[in-house]
Structures are given as C-alpha cells and as structure tokens.
$ cat input04.txt   # compact mmCIF, C-alpha atoms and all ligand atoms
# COMPACT_ATOMS: atom_id res chain seq x y z
CA MET A 1 102.99 93.64 88.96
CA THR A 2 100.47 93.40 91.79
CA PHE A 3 99.93 95.57 94.87
CA LYS A 4 101.17 92.67 96.95
CA GLU A 5 104.47 92.66 95.06
CA LEU A 6 104.88 96.34 95.90
CA GLY A 7 105.09 95.24 99.49
CA LEU A 8 101.97 96.95 100.76
CA ASP A 9 100.62 96.12 104.18
CA LYS A 10 97.89 93.48 104.57
CA GLN A 11 95.45 96.08 105.88
CA LEU A 12 95.86 98.14 102.73
CA LEU A 13 95.68 95.08 100.46
CA ARG A 14 92.39 94.10 102.08
CA ALA A 15 90.88 97.51 101.36
CA LEU A 16 92.19 97.50 97.78
CA GLU A 17 90.75 94.07 97.21
CA ALA A 18 87.35 95.25 98.43
CA GLU A 19 87.55 98.03 95.83
CA GLY A 20 88.36 95.44 93.17
CA TYR A 21 91.88 96.84 92.53
CA THR A 22 94.51 94.15 92.09
CA ASP A 23 97.11 95.72 89.83
CA PRO A 24 98.67 99.12 90.30
CA THR A 25 98.35 101.65 87.48
CA PRO A 26 101.65 102.81 85.86
CA ILE A 27 101.90 105.89 88.08
CA GLN A 28 101.30 103.77 91.18
CA GLU A 29 103.86 101.21 90.11
CA GLN A 30 106.49 103.92 89.69
CA ALA A 31 105.61 106.28 92.52
CA ILE A 32 104.95 103.87 95.40
CA PRO A 33 108.53 102.50 95.67
CA ILE A 34 110.00 106.02 95.38
CA VAL A 35 107.78 107.37 98.14
CA LEU A 36 108.48 104.34 100.33
CA GLN A 37 112.24 104.77 99.99
CA GLY A 38 111.81 108.33 101.26
CA ASP A 39 112.77 110.34 98.18
CA ASP A 40 111.17 113.56 97.03
CA LEU A 41 109.10 113.11 93.89
CA ILE A 42 107.88 115.11 90.93
CA ALA A 43 105.09 113.22 89.19
CA CYS A 44 103.66 114.45 85.95
CA ALA A 45 100.24 112.81 85.77
CA GLN A 46 96.70 113.91 85.24
CA THR A 47 93.44 112.91 86.87
CA GLY A 48 92.33 109.47 85.75
CA THR A 49 95.78 107.89 86.01
CA GLY A 50 95.28 106.74 89.60
CA LYS A 51 97.50 109.47 91.02
CA THR A 52 95.55 109.83 94.26
CA ALA A 53 96.31 106.26 95.30
CA ALA A 54 99.89 106.72 94.05
CA PHE A 55 100.56 109.03 97.00
CA SER A 56 97.85 107.89 99.45
CA LEU A 57 98.93 104.25 99.63
CA PRO A 58 102.62 104.82 100.42
CA ILE A 59 101.69 107.53 102.94
CA LEU A 60 99.40 105.10 104.75
CA GLN A 61 102.06 102.42 104.53
CA TYR A 62 104.73 104.74 105.96
CA LEU A 63 102.50 105.83 108.84
CA LEU A 64 101.71 102.19 109.65
CA GLU A 65 105.36 101.17 109.58
CA THR A 66 106.63 104.17 111.48
CA PRO A 67 104.44 104.87 114.47
CA GLN A 68 104.45 108.24 116.23
CA ASP A 69 107.45 108.91 118.50
CA GLN A 70 105.42 108.72 121.68
CA PRO A 71 102.81 105.99 121.29
CA ASN A 72 100.38 107.37 123.83
CA ALA A 73 100.64 111.04 122.92
CA PRO A 74 97.72 112.69 121.09
CA ARG A 75 97.83 112.28 117.33
CA THR A 76 99.80 114.88 115.40
CA ILE A 77 99.49 115.71 111.73
CA ARG A 78 102.26 113.72 110.03
CA ALA A 79 101.13 114.00 106.43
CA LEU A 80 99.68 117.08 104.74
CA ILE A 81 98.03 117.04 101.33
CA LEU A 82 97.40 120.44 99.81
CA SER A 83 94.87 120.53 96.99
CA PRO A 84 93.46 123.41 94.94
CA THR A 85 89.73 122.75 95.16
CA ARG A 86 87.12 121.61 97.64
CA GLU A 87 85.91 118.83 95.36
CA LEU A 88 89.38 117.41 94.86
CA SER A 89 90.07 117.59 98.61
CA ILE A 90 86.88 115.67 99.32
CA GLN A 91 87.83 113.00 96.80
CA ILE A 92 91.32 112.62 98.21
CA THR A 93 89.86 112.25 101.69
CA ASP A 94 87.38 109.66 100.44
CA SER A 95 90.22 107.71 98.85
CA ILE A 96 92.40 107.84 101.96
CA ASP A 97 89.51 106.79 104.18
CA THR A 98 88.70 103.93 101.79
CA TYR A 99 92.26 102.61 101.50
CA GLY A 100 92.98 103.24 105.17
CA LYS A 101 89.78 101.86 106.66
CA HIS A 102 91.48 98.90 108.38
CA THR A 103 94.51 100.84 109.56
CA GLY A 104 93.17 102.88 112.48
CA LEU A 105 94.79 105.99 110.97
CA ARG A 106 92.66 109.12 110.91
CA SER A 107 92.22 111.85 108.32
CA ALA A 108 90.81 115.36 108.61
CA LEU A 109 89.61 117.64 105.85
CA LEU A 110 89.64 121.44 105.63
CA PHE A 111 88.21 123.64 102.89
CA GLY A 112 86.69 127.08 102.71
CA GLY A 113 83.18 128.29 101.96
CA VAL A 114 81.47 126.44 104.82
CA PRO A 115 81.28 127.24 108.55
CA ALA A 116 84.47 126.30 110.36
CA HIS A 117 83.11 124.63 113.51
CA GLY A 118 82.43 121.17 112.04
CA GLN A 119 85.93 120.97 110.58
CA LEU A 120 87.42 122.23 113.80
CA ALA A 121 85.59 119.63 115.88
CA ASN A 122 86.82 116.88 113.57
CA LEU A 123 90.36 118.18 113.76
CA ARG A 124 90.24 118.21 117.55
CA HIS A 125 89.53 114.48 117.48
CA GLY A 126 93.08 114.15 116.23
CA ALA A 127 94.32 113.30 112.75
CA ASP A 128 97.40 111.71 111.22
CA ILE A 129 96.70 112.97 107.71
CA LEU A 130 95.34 116.40 106.86
CA ILE A 131 93.85 117.21 103.46
CA ALA A 132 93.27 120.90 102.87
CA THR A 133 92.81 123.78 100.46
CA PRO A 134 95.31 126.60 101.05
CA GLY A 135 93.02 129.42 102.26
CA ARG A 136 91.22 127.59 105.07
CA LEU A 137 94.41 125.86 106.14
CA LEU A 138 96.21 129.18 106.58
CA ASP A 139 93.23 130.58 108.39
CA PHE A 140 93.25 127.66 110.86
CA ALA A 141 97.02 127.66 111.22
CA ASN A 142 97.10 131.39 111.93
CA GLN A 143 94.50 130.94 114.65
CA GLY A 144 96.55 128.17 116.20
CA PHE A 145 94.03 125.42 115.40
CA VAL A 146 96.49 123.45 113.27
CA ASP A 147 100.07 122.59 114.08
CA LEU A 148 102.13 121.70 111.03
CA ARG A 149 105.47 121.34 112.82
CA LYS A 150 105.31 117.54 112.90
CA VAL A 151 104.55 117.05 109.20
CA GLU A 152 106.83 114.42 107.70
CA ILE A 153 105.32 114.01 104.24
CA PHE A 154 103.92 116.93 102.25
CA VAL A 155 101.97 116.45 99.01
CA LEU A 156 101.30 119.29 96.61
CA ASP A 157 98.53 117.95 94.40
CA GLU A 158 97.66 119.49 91.02
CA ALA A 159 100.41 122.05 91.44
CA ASP A 160 99.76 123.54 88.01
CA ARG A 161 96.13 124.20 88.86
CA MET A 162 97.14 125.61 92.21
CA LEU A 163 99.26 128.19 90.40
CA ASP A 164 96.54 128.86 87.79
CA MET A 165 94.14 129.62 90.59
CA GLY A 166 96.48 132.17 92.13
CA PHE A 167 97.44 130.18 95.23
CA ILE A 168 101.18 130.76 94.89
CA HIS A 169 101.50 133.02 97.92
CA ASP A 170 99.22 130.96 100.13
CA MET A 171 101.13 127.87 99.08
CA LYS A 172 104.46 129.43 100.04
CA ARG A 173 103.06 130.55 103.39
CA VAL A 174 101.94 127.00 104.10
CA ILE A 175 105.33 125.56 103.12
CA ALA A 176 107.05 128.04 105.44
CA MET A 177 105.17 126.45 108.35
CA LEU A 178 106.46 122.94 107.57
CA PRO A 179 109.65 121.41 108.96
CA LYS A 180 112.60 121.68 106.56
CA ALA A 181 113.36 117.99 107.05
CA ARG A 182 110.40 116.43 105.34
CA GLN A 183 109.54 114.44 102.22
CA THR A 184 107.81 116.43 99.48
CA LEU A 185 105.75 114.97 96.63
CA LEU A 186 104.63 117.24 93.82
CA PHE A 187 101.91 116.11 91.40
CA SER A 188 101.02 118.11 88.33
CA ALA A 189 99.24 117.42 85.04
CA THR A 190 101.63 119.72 83.21
CA MET A 191 105.22 120.75 83.87
CA SER A 192 105.27 124.48 83.16
CA PRO A 193 108.30 126.64 83.98
CA GLU A 194 106.35 127.97 86.99
CA VAL A 195 105.80 124.45 88.34
CA LYS A 196 109.48 123.65 87.77
CA GLU A 197 110.42 126.74 89.73
CA ILE A 198 108.32 125.61 92.67
CA ALA A 199 109.93 122.17 92.48
CA ASP A 200 113.43 123.70 92.38
CA GLN A 201 112.64 125.84 95.37
CA PHE A 202 110.93 123.36 97.64
CA LEU A 203 112.00 119.82 96.73
CA TYR A 204 115.25 118.11 97.64
CA LYS A 205 116.92 116.02 94.93
CA PRO A 206 113.56 114.88 93.58
CA LEU A 207 113.12 111.87 91.32
CA GLN A 208 110.85 112.57 88.39
CA ILE A 209 108.28 110.37 86.71
CA THR A 210 105.88 111.05 83.88
CA VAL A 211 102.94 109.00 82.80
CA ALA A 212 100.85 109.54 79.71
CA PRO A 213 97.08 109.62 80.00
CA PRO A 214 95.95 105.97 79.77
CA LYS A 215 95.73 104.94 76.11
CA GLU A 216 92.46 103.13 76.40
CA THR A 217 90.92 106.23 77.97
CA ARG A 218 92.13 108.37 75.15
CA SER A 219 90.85 106.14 72.40
CA ALA A 220 87.57 105.53 74.22
CA ILE A 221 86.54 109.13 73.68
CA GLU A 222 84.90 109.95 70.39
CA GLU A 223 85.49 113.59 69.57
CA LYS A 224 82.99 115.42 67.37
CA LEU A 225 82.89 118.95 66.10
CA TYR A 226 79.94 121.07 65.01
CA PHE A 227 80.40 124.41 63.30
CA VAL A 228 77.57 126.51 64.68
CA GLU A 229 77.21 130.20 65.43
CA LYS A 230 76.60 131.42 68.92
CA PRO A 231 72.86 132.18 68.78
CA ALA A 232 72.09 128.68 67.41
CA LYS A 233 74.16 126.77 69.98
CA ILE A 234 71.40 126.43 72.54
CA ALA A 235 68.99 124.87 70.00
CA LEU A 236 71.65 122.43 68.80
CA LEU A 237 72.53 121.47 72.37
CA ARG A 238 68.89 120.92 73.29
CA ASP A 239 68.32 118.75 70.20
CA LEU A 240 71.42 116.64 70.80
CA ILE A 241 70.55 116.04 74.45
CA ARG A 242 67.05 114.96 73.48
CA GLU A 243 67.99 112.85 70.46
CA ASN A 244 70.65 110.97 72.37
CA ARG A 245 68.55 110.75 75.55
CA ILE A 246 71.53 111.91 77.54
CA LYS A 247 71.22 111.05 81.22
CA LYS A 248 74.69 112.08 82.35
CA GLY A 249 76.36 114.90 80.47
CA ILE A 250 78.51 117.89 81.34
CA VAL A 251 78.30 121.15 79.40
CA PHE A 252 81.29 123.45 79.78
CA THR A 253 80.91 127.19 79.47
CA ARG A 254 83.47 129.92 79.90
CA THR A 255 81.56 132.27 82.21
CA LYS A 256 79.52 131.99 85.39
CA TYR A 257 76.77 134.07 83.88
CA GLY A 258 76.69 131.85 80.80
CA ALA A 259 76.44 128.72 82.97
CA ASP A 260 73.39 129.96 84.87
CA LYS A 261 71.61 131.23 81.81
CA LEU A 262 72.18 128.02 79.91
CA ALA A 263 71.05 125.83 82.82
CA LYS A 264 67.84 127.83 83.03
CA LEU A 265 67.12 127.51 79.30
CA LEU A 266 67.69 123.74 79.36
CA ASP A 267 65.52 123.37 82.42
CA GLN A 268 62.78 125.30 80.64
CA ALA A 269 63.11 122.80 77.79
CA SER A 270 62.26 120.05 80.35
CA ILE A 271 65.83 118.80 80.58
CA PRO A 272 66.70 118.47 84.30
CA THR A 273 69.82 120.62 84.63
CA GLY A 274 72.04 121.99 87.39
CA ALA A 275 74.86 124.51 87.29
CA ILE A 276 78.07 124.70 89.30
CA HIS A 277 80.45 127.62 89.29
CA GLY A 278 82.48 129.76 91.64
CA ASN A 279 79.57 131.94 92.75
CA LYS A 280 77.59 129.10 94.24
CA SER A 281 77.76 128.36 97.94
CA GLN A 282 79.47 125.15 98.96
CA ASN A 283 76.17 123.62 100.05
CA GLU A 284 74.54 124.47 96.77
CA ARG A 285 77.43 122.94 94.79
CA GLN A 286 77.32 119.75 96.84
CA ARG A 287 73.56 119.52 96.39
CA VAL A 288 73.80 119.93 92.60
CA LEU A 289 76.67 117.43 92.38
CA ASN A 290 74.76 114.95 94.45
CA ASP A 291 71.65 115.32 92.29
CA PHE A 292 73.81 114.77 89.23
CA ARG A 293 75.52 111.72 90.71
CA LYS A 294 72.20 110.20 91.66
CA GLY A 295 70.66 110.94 88.26
CA ARG A 296 68.06 113.45 89.42
CA VAL A 297 69.78 116.02 87.25
CA HIS A 298 70.80 114.84 83.76
CA ILE A 299 72.95 117.73 82.66
CA LEU A 300 75.55 119.62 84.65
CA VAL A 301 76.55 123.01 83.32
CA ALA A 302 79.96 123.91 84.68
CA SER A 303 82.74 126.44 84.44
CA ASP A 304 86.25 125.00 84.14
CA ILE A 305 87.45 125.84 87.62
CA ALA A 306 84.29 124.57 89.27
CA ALA A 307 84.57 121.28 87.41
CA ARG A 308 88.21 120.73 88.18
CA GLY A 309 88.75 117.55 90.15
CA ILE A 310 85.17 116.35 90.02
CA ASP A 311 85.27 112.60 89.71
CA ILE A 312 81.92 111.26 88.62
CA ASP A 313 81.76 107.95 86.84
CA ASP A 314 79.57 107.12 83.86
CA ILE A 315 79.52 110.56 82.26
CA THR A 316 78.57 109.70 78.68
CA HIS A 317 78.85 113.12 77.02
CA VAL A 318 80.98 116.21 77.45
CA PHE A 319 79.96 119.33 75.54
CA ASN A 320 82.34 122.16 74.82
CA TYR A 321 79.62 124.76 74.48
CA GLU A 322 82.44 127.19 73.93
CA ILE A 323 85.85 126.13 72.62
CA PRO A 324 88.43 126.69 75.34
CA GLU A 325 91.25 129.10 74.59
CA GLN A 326 93.82 126.85 76.28
CA SER A 327 94.21 123.50 74.56
CA GLU A 328 95.04 121.83 77.90
CA THR A 329 91.60 122.84 79.15
CA TYR A 330 90.09 120.89 76.27
CA VAL A 331 91.97 117.77 77.38
CA HIS A 332 90.87 118.24 80.99
CA ARG A 333 87.26 118.76 79.94
CA ILE A 334 86.92 115.73 77.70
CA GLY A 335 88.72 113.58 80.28
CA ARG A 336 85.52 113.72 82.34
CA THR A 337 84.06 111.07 80.06
CA GLY A 338 85.33 107.70 78.82
CA ARG A 339 86.57 106.82 82.30
CA ALA A 340 87.81 103.36 83.21
CA GLY A 341 87.56 102.09 79.65
CA SER A 342 83.89 102.98 79.11
CA LYS A 343 82.97 104.83 75.95
CA GLY A 344 82.54 108.59 76.02
CA ILE A 345 81.56 111.25 73.51
CA ALA A 346 82.99 114.76 73.47
CA ILE A 347 81.11 117.29 71.35
CA SER A 348 82.51 120.71 70.58
CA PHE A 349 80.54 123.70 69.25
CA CYS A 350 82.68 126.05 67.26
CA ALA A 351 81.59 129.53 66.23
CA ARG A 352 83.44 131.65 63.76
CA GLU A 353 85.49 133.52 66.33
CA GLU A 354 86.52 130.29 68.07
CA ARG A 355 87.96 128.74 64.95
CA LYS A 356 91.47 129.89 65.86
CA TYR A 357 91.64 127.69 68.96
CA LEU A 358 90.99 124.44 67.09
CA ASN A 359 94.36 124.01 65.48
CA ALA A 360 96.16 124.24 68.79
CA ILE A 361 93.82 121.63 70.29
CA GLU A 362 94.35 119.20 67.43
CA LYS A 363 98.08 119.72 67.61
CA LEU A 364 98.13 118.94 71.31
CA THR A 365 95.82 115.92 71.15
CA LYS A 366 97.41 114.70 67.89
CA LYS A 367 93.93 113.85 66.79
CA ARG A 368 91.43 115.27 64.36
CA LEU A 369 87.96 116.00 65.57
CA THR A 370 85.27 114.47 63.38
CA ILE A 371 83.31 117.26 61.73
CA ILE A 372 79.57 116.69 61.69
CA GLU A 373 78.48 118.54 58.59
CA GLU A 374 74.83 117.55 58.46
CA HIS A 375 72.90 119.43 61.08
CA PRO A 376 70.07 121.95 60.96
CA TYR A 377 72.08 124.81 62.46
CA ARG A 378 74.89 124.91 59.99
CA PRO A 379 75.94 128.51 59.39
CA SER A 380 74.77 129.65 55.97
CA VAL A 381 77.11 131.26 53.49
CA GLU A 382 74.90 134.35 53.60
CA THR A 383 75.89 135.07 57.17
CA VAL A 384 79.45 135.55 56.04
CA SER A 385 80.43 138.80 54.42
CA ALA A 386 82.37 138.67 51.18
CA ASN A 387 85.58 140.16 52.50
CA ASP A 388 85.60 138.15 55.69
CA ASP A 389 88.43 135.68 55.98
CA PHE A 390 85.97 133.40 57.72
CA ARG A 391 85.04 132.23 54.23
CA ARG A 392 88.57 131.11 53.67
CA SER A 393 89.24 129.53 57.04
CA ASN A 394 85.84 127.87 57.33
CA ALA A 395 85.44 126.53 53.86
CA PRO A 396 83.09 123.65 54.79
CA TYR A 397 80.28 126.18 55.04
CA GLN A 398 80.32 126.84 51.35
CA LYS A 399 77.78 125.33 49.05
CA ASP A 400 80.02 123.19 46.91
CA ARG A 401 80.63 120.62 49.61
CA ASP A 402 82.92 118.29 47.73
CA ARG A 403 85.19 121.05 46.70
CA ASN A 404 85.11 122.33 50.20
CA ARG A 405 85.96 119.05 51.73
CA ASN A 406 89.13 118.95 49.64
CA TYR A 407 89.83 122.53 50.43
CA TYR A 408 89.29 121.87 54.06
CA SER A 409 91.48 118.83 54.31
CA ARG A 410 94.23 120.62 52.47
CA ASN A 411 94.09 123.60 54.75
CA ARG A 412 93.40 122.21 58.14
CA ARG A 413 96.82 121.08 59.13
P1 LIG B 501 92.72 109.42 90.09
O1 LIG B 501 93.63 109.62 88.91
O2 LIG B 501 93.45 109.34 91.36
O3 LIG B 501 91.64 110.47 90.09
O4 LIG B 501 91.99 108.00 89.91
C1 LIG B 501 91.15 107.72 88.84
C2 LIG B 501 90.21 106.56 89.14
O5 LIG B 501 90.88 105.32 89.08
C3 LIG B 501 89.54 106.63 90.49
O6 LIG B 501 88.16 106.40 90.29
C4 LIG B 501 90.20 105.52 91.28
O7 LIG B 501 89.34 105.00 92.24
C5 LIG B 501 90.55 104.51 90.21
N1 LIG B 501 91.75 103.69 90.54
C6 LIG B 501 92.86 104.10 91.20
N2 LIG B 501 93.77 103.12 91.27
C7 LIG B 501 93.25 102.06 90.63
C8 LIG B 501 93.74 100.73 90.35
N3 LIG B 501 94.94 100.32 90.73
N4 LIG B 501 92.94 99.89 89.66
C9 LIG B 501 91.74 100.31 89.26
N5 LIG B 501 91.21 101.54 89.46
C10 LIG B 501 91.97 102.43 90.14
$ encode --input "input04.txt" --output "structure tokens"
Amino acid sequence: MTFKELGLDKQLLRALEAEGYTDPTPIQEQAIPIVLQGDDLIACAQTGTGKTAAFSLPILQYLLETPQDQPNAPRTIRALILSPTRELSIQITDSIDTYGKHTGLRSALLFGGVPAHGQLANLRHGADILIATPGRLLDFANQGFVDLRKVEIFVLDEADRMLDMGFIHDMKRVIAMLPKARQTLLFSATMSPEVKEIADQFLYKPLQITVAPPKETRSAIEEKLYFVEKPAKIALLRDLIRENRIKKGIVFTRTKYGADKLAKLLDQASIPTGAIHGNKSQNERQRVLNDFRKGRVHILVASDIAARGIDIDDITHVFNYEIPEQSETYVHRIGRTGRAGSKGIAISFCAREERKYLNAIEKLTKKRLTIIEEHPYRPSVETVSANDDFRRSNAPYQKDRDRNRNYYSRNRR
C-alpha cells in the first residue's frame, strides 16, 4: 500500500515525498480511510507508530476537498486538535505544517506558560486548524479570542495522558463548546476504563483500531538491568556515560528535585547536561531541548511528564535512574530510543526497594531484562540484614554466584 493508493491529494503526496515517506504505517493505512469516510474513530496507538500523520493527513485532505461554505469569508477553525503537552502540540503543528505546506491551509498553535500576545496575533491571521493544550485554549475561548462553533473535526490526542494529567474537566469544557454534529477522533496509547468512558460519552458510533508498537522498534532496543543501591547510582551513571561516550542520552527521574540535583552532579563531572521538568519556564525548556537536539548538551535529565511527547531522533541511551512504578511508564520511557529502526539501549538501575516493580514490567513487555552482574557498584551481601527478605528476592547479590543464578532464574518468573 502506498500513500497514492490511499487517494491522497497531489499536494500532500508532494510533501510526503519530500519527507521521504512513500508507504503509510499500519495505523495510517487503517485510520486514513476511516477518517476520510467521515466516521468517528478510536485509535489505540502509541508515539512512534506514525499516529500524528494518521489524523493530520486525512484532516488536510478533507479541508482541501471541502472548502469553507463562503469562499471569501475569513478563515474559521474547522479542525481542532487537543493535546496534553506543549511539546506534543508543537510537534503536531510541525507535522501539519510540513504535510500541508503546498495546500495553502493554515494552522495556529496555543499552549500555556508563555505570553499570550504572539499566539493571539497568529490566531488573528486566521487558521483552519487549531492545535492546543486545554488550559490556554479555554482561557482564549472564554475571552472570546477563539470561536469553536465551526469545528468539523475534533481530535483528542493522547487521551490517556490527558486524563493522567488531570485535564478531564478542562477537556469536557472544551468539548461543550464544539458543535454536536462533528467528527471526533480519539487517540490513546492505552485503553483504560476512563478512556472508554470518555469515548462512550463523546463519540458517535466510533470504529476502533489498535496497532501494536512496531516490532522492529521493540526488538531494536536492548534492555539492561543493574542492581545498584541508591547512593551508588550517580557513580554508576557517570561511569556508563563516560565509558560509552554517550552523546545523546535521556535519564529519567521520578522527582523534579531529583532531576535538578542529578543534572548538576553530572555537569560537575564535565558531562554537559540539561534538565527539563514541570517547574521550568517554557523558554528554559525549549532552550534545553534545543541544546540537546543540536548536541550541545549530551544528557537530558527529565521527569516523565516533561518528557512526554518529546520526539528527538538518534537518542542512543535511555536510563531509568529510578524504576517507574507504572509498567506503562517504562514502555514510554524506553520508546524514546531505538526510533525508526536504529539501535537503542535502555538501562535500568534497580535498588532494593524498587525490586517489586520489575516483575510487572517484564510481564507487560513479555521480555526479560539482561542483568549486568559485573559492575563495581554491586550491592554487597553485608549491606543486607539477615532477616531481610531482600536476600531472598535479590539472590544474585549473594556470593555463590552460580547457585544464585539458578536460584534467580527459578524465582524470577
Ligand atoms: P508519531 O507516532 O506520529 O510520533 O511518528 C513517529 C515518527 O515517524 C515521526 O518522526 C514521523 O515523522 C515518522 N513517520 C510518520 N509517518 C511515516 C511514514 N509513513 N513513513 C516513515 N516515517 C513516518
């Protein structure tokens, strides 16, 4: 199947060709015809599957084929894409502008954390497609700067993340401003009961499609595991970054405070490092991301929410400095590397108290992480008290390694 066979307009095909895309990805192949025939859609697909183009291309195609009612009237917003984060909104806008560059259609972008006047000026130029995060959109709509009454296609992107981030009420307020007669497309990496409820409430006879994360992406990521206690993690991280001469790596931490502290320590060890998390200003985040993209910063320390939706190619290593409590978070994190078939390495640091999260991760990924036993920061048996069940559940730390290996393999699954 090619894009041409999907019946896309010449102007879109030209832009796709310039990007080097000839064949649609599975989600594009399934979603584009559904969107073009006007049905509501629930698409279960994560970042990396090509989901952005799966809704952007048919939206552009529809707007090209179906011009505004009054040709000479000012442009009205006919497609709205709601996204949970600033970074994701920027990426979606970039994609739409890239695919739509020969179409004459215009996009506008709204997100919070920056002064409003630039966004307002852009909006006043007129836009056919609006990409927005919920808070700033509501703010603009309430002030009468945005009119959503002419929206024909509404996309809810990363609906699960939107709910995780507490946007449920804002989301509902936005939907209340849209015409009832519209086409709604819901994209989500996971289909939780909460997401289903949203779909039941706001979609009309939706068709549902699910695509697995691309196989080659999954197998292109090598997943390694180090047992290491908290105080020794920084030294192990520093050594691994140096030994592997890592030029593009992301380190995930659980807390904002942890991210800053870690970035500072790495920087002091002469490893150019930047941090992004929710407390940073939008300008600061963009600056750090830009430095990372350009290679001026080699390591990006990030919290999960801050990193959501960031699409940077060529990330060679992802570190789970702390093991995430939610196994899905692990999948999201390591999906930052091994993009587009290139090889990626995911390295997880597991302290005693994090041991309990591993089983759930391995169950979800249906994969065993490769334990790296030989490293200078291995916890010693002495650090474990005799009556601690750590000794039982973390047998590889014991001195008799062969016995332990058997013990371990018997007890891991
Ligand atoms: P997404 O899942 O939308 O974040 O897309 C993941 C990556 O795949 C992005 O870097 C896209 O530019 C790229 N991409 C999207 N569609 C295609 C395609 N049909 N062929 C090759 N690459 C694509």
$ atom_distance --input "input04.txt" --atom1 "CA of Ala346 in chain A" --atom2 "CA of Ile323 in chain A"
11.8 Å
$ residues_near_ligand --input "input04.txt" --ligand "ligand LIG 501 (chain B)" --cutoff "7 Å" --atoms "all atoms listed in the file" --output "PyMOL selection string"
chain A and resi 21-25+46-53+311+340
$ residues_around --input "input04.txt" --residues "His317 in chain A" --least-positions-apart "5" --cutoff "6 Å" --atoms "all atoms listed in the file" --output "PyMOL selection string"
chain A and resi 249+344-346
$ residues_around --input "input04.txt" --residues "Asn279 in chain A" --least-positions-apart "2" --cutoff "12 Å" --atoms "only C-alpha atoms" --output "PDB file with C-alpha atoms, keeping the file's coordinate frame"
ATOM      1  CA  GLY A 113      83.180 128.290 101.960  1.00  0.00           C
ATOM      2  CA  THR A 255      81.560 132.270  82.210  1.00  0.00           C
ATOM      3  CA  LYS A 256      79.520 131.990  85.390  1.00  0.00           C
ATOM      4  CA  TYR A 257      76.770 134.070  83.880  1.00  0.00           C
ATOM      5  CA  ALA A 259      76.440 128.720  82.970  1.00  0.00           C
ATOM      6  CA  ASP A 260      73.390 129.960  84.870  1.00  0.00           C
ATOM      7  CA  ALA A 275      74.860 124.510  87.290  1.00  0.00           C
ATOM      8  CA  ILE A 276      78.070 124.700  89.300  1.00  0.00           C
ATOM      9  CA  HIS A 277      80.450 127.620  89.290  1.00  0.00           C
ATOM     10  CA  SER A 281      77.760 128.360  97.940  1.00  0.00           C
ATOM     11  CA  GLN A 282      79.470 125.150  98.960  1.00  0.00           C
ATOM     12  CA  ASN A 283      76.170 123.620 100.050  1.00  0.00           C
ATOM     13  CA  GLU A 284      74.540 124.470  96.770  1.00  0.00           C
ATOM     14  CA  ARG A 285      77.430 122.940  94.790  1.00  0.00           C
ATOM     15  CA  ALA A 302      79.960 123.910  84.680  1.00  0.00           C
ATOM     16  CA  SER A 303      82.740 126.440  84.440  1.00  0.00           C
ATOM     17  CA  ILE A 305      87.450 125.840  87.620  1.00  0.00           C
ATOM     18  CA  ALA A 306      84.290 124.570  89.270  1.00  0.00           C
TER      19      ALA A 306
END
$ atom_distance --input "input04.txt" --atom1 "CA of Pro206 in chain A" --atom2 "CA of Ala54 in chain A"
15.9 Å
$ residues_around --input "input04.txt" --residues "Leu237 in chain A" --least-positions-apart "5" --cutoff "9 Å" --atoms "all atoms listed in the file" --output "NGL selection string"
:A and (232 or 242 or 266 or 319 or 321 or 349)
$ atom_distance --input "input04.txt" --atom1 "CA of Gly112 in chain A" --atom2 "CA of Gln91 in chain A"
15.3 Å
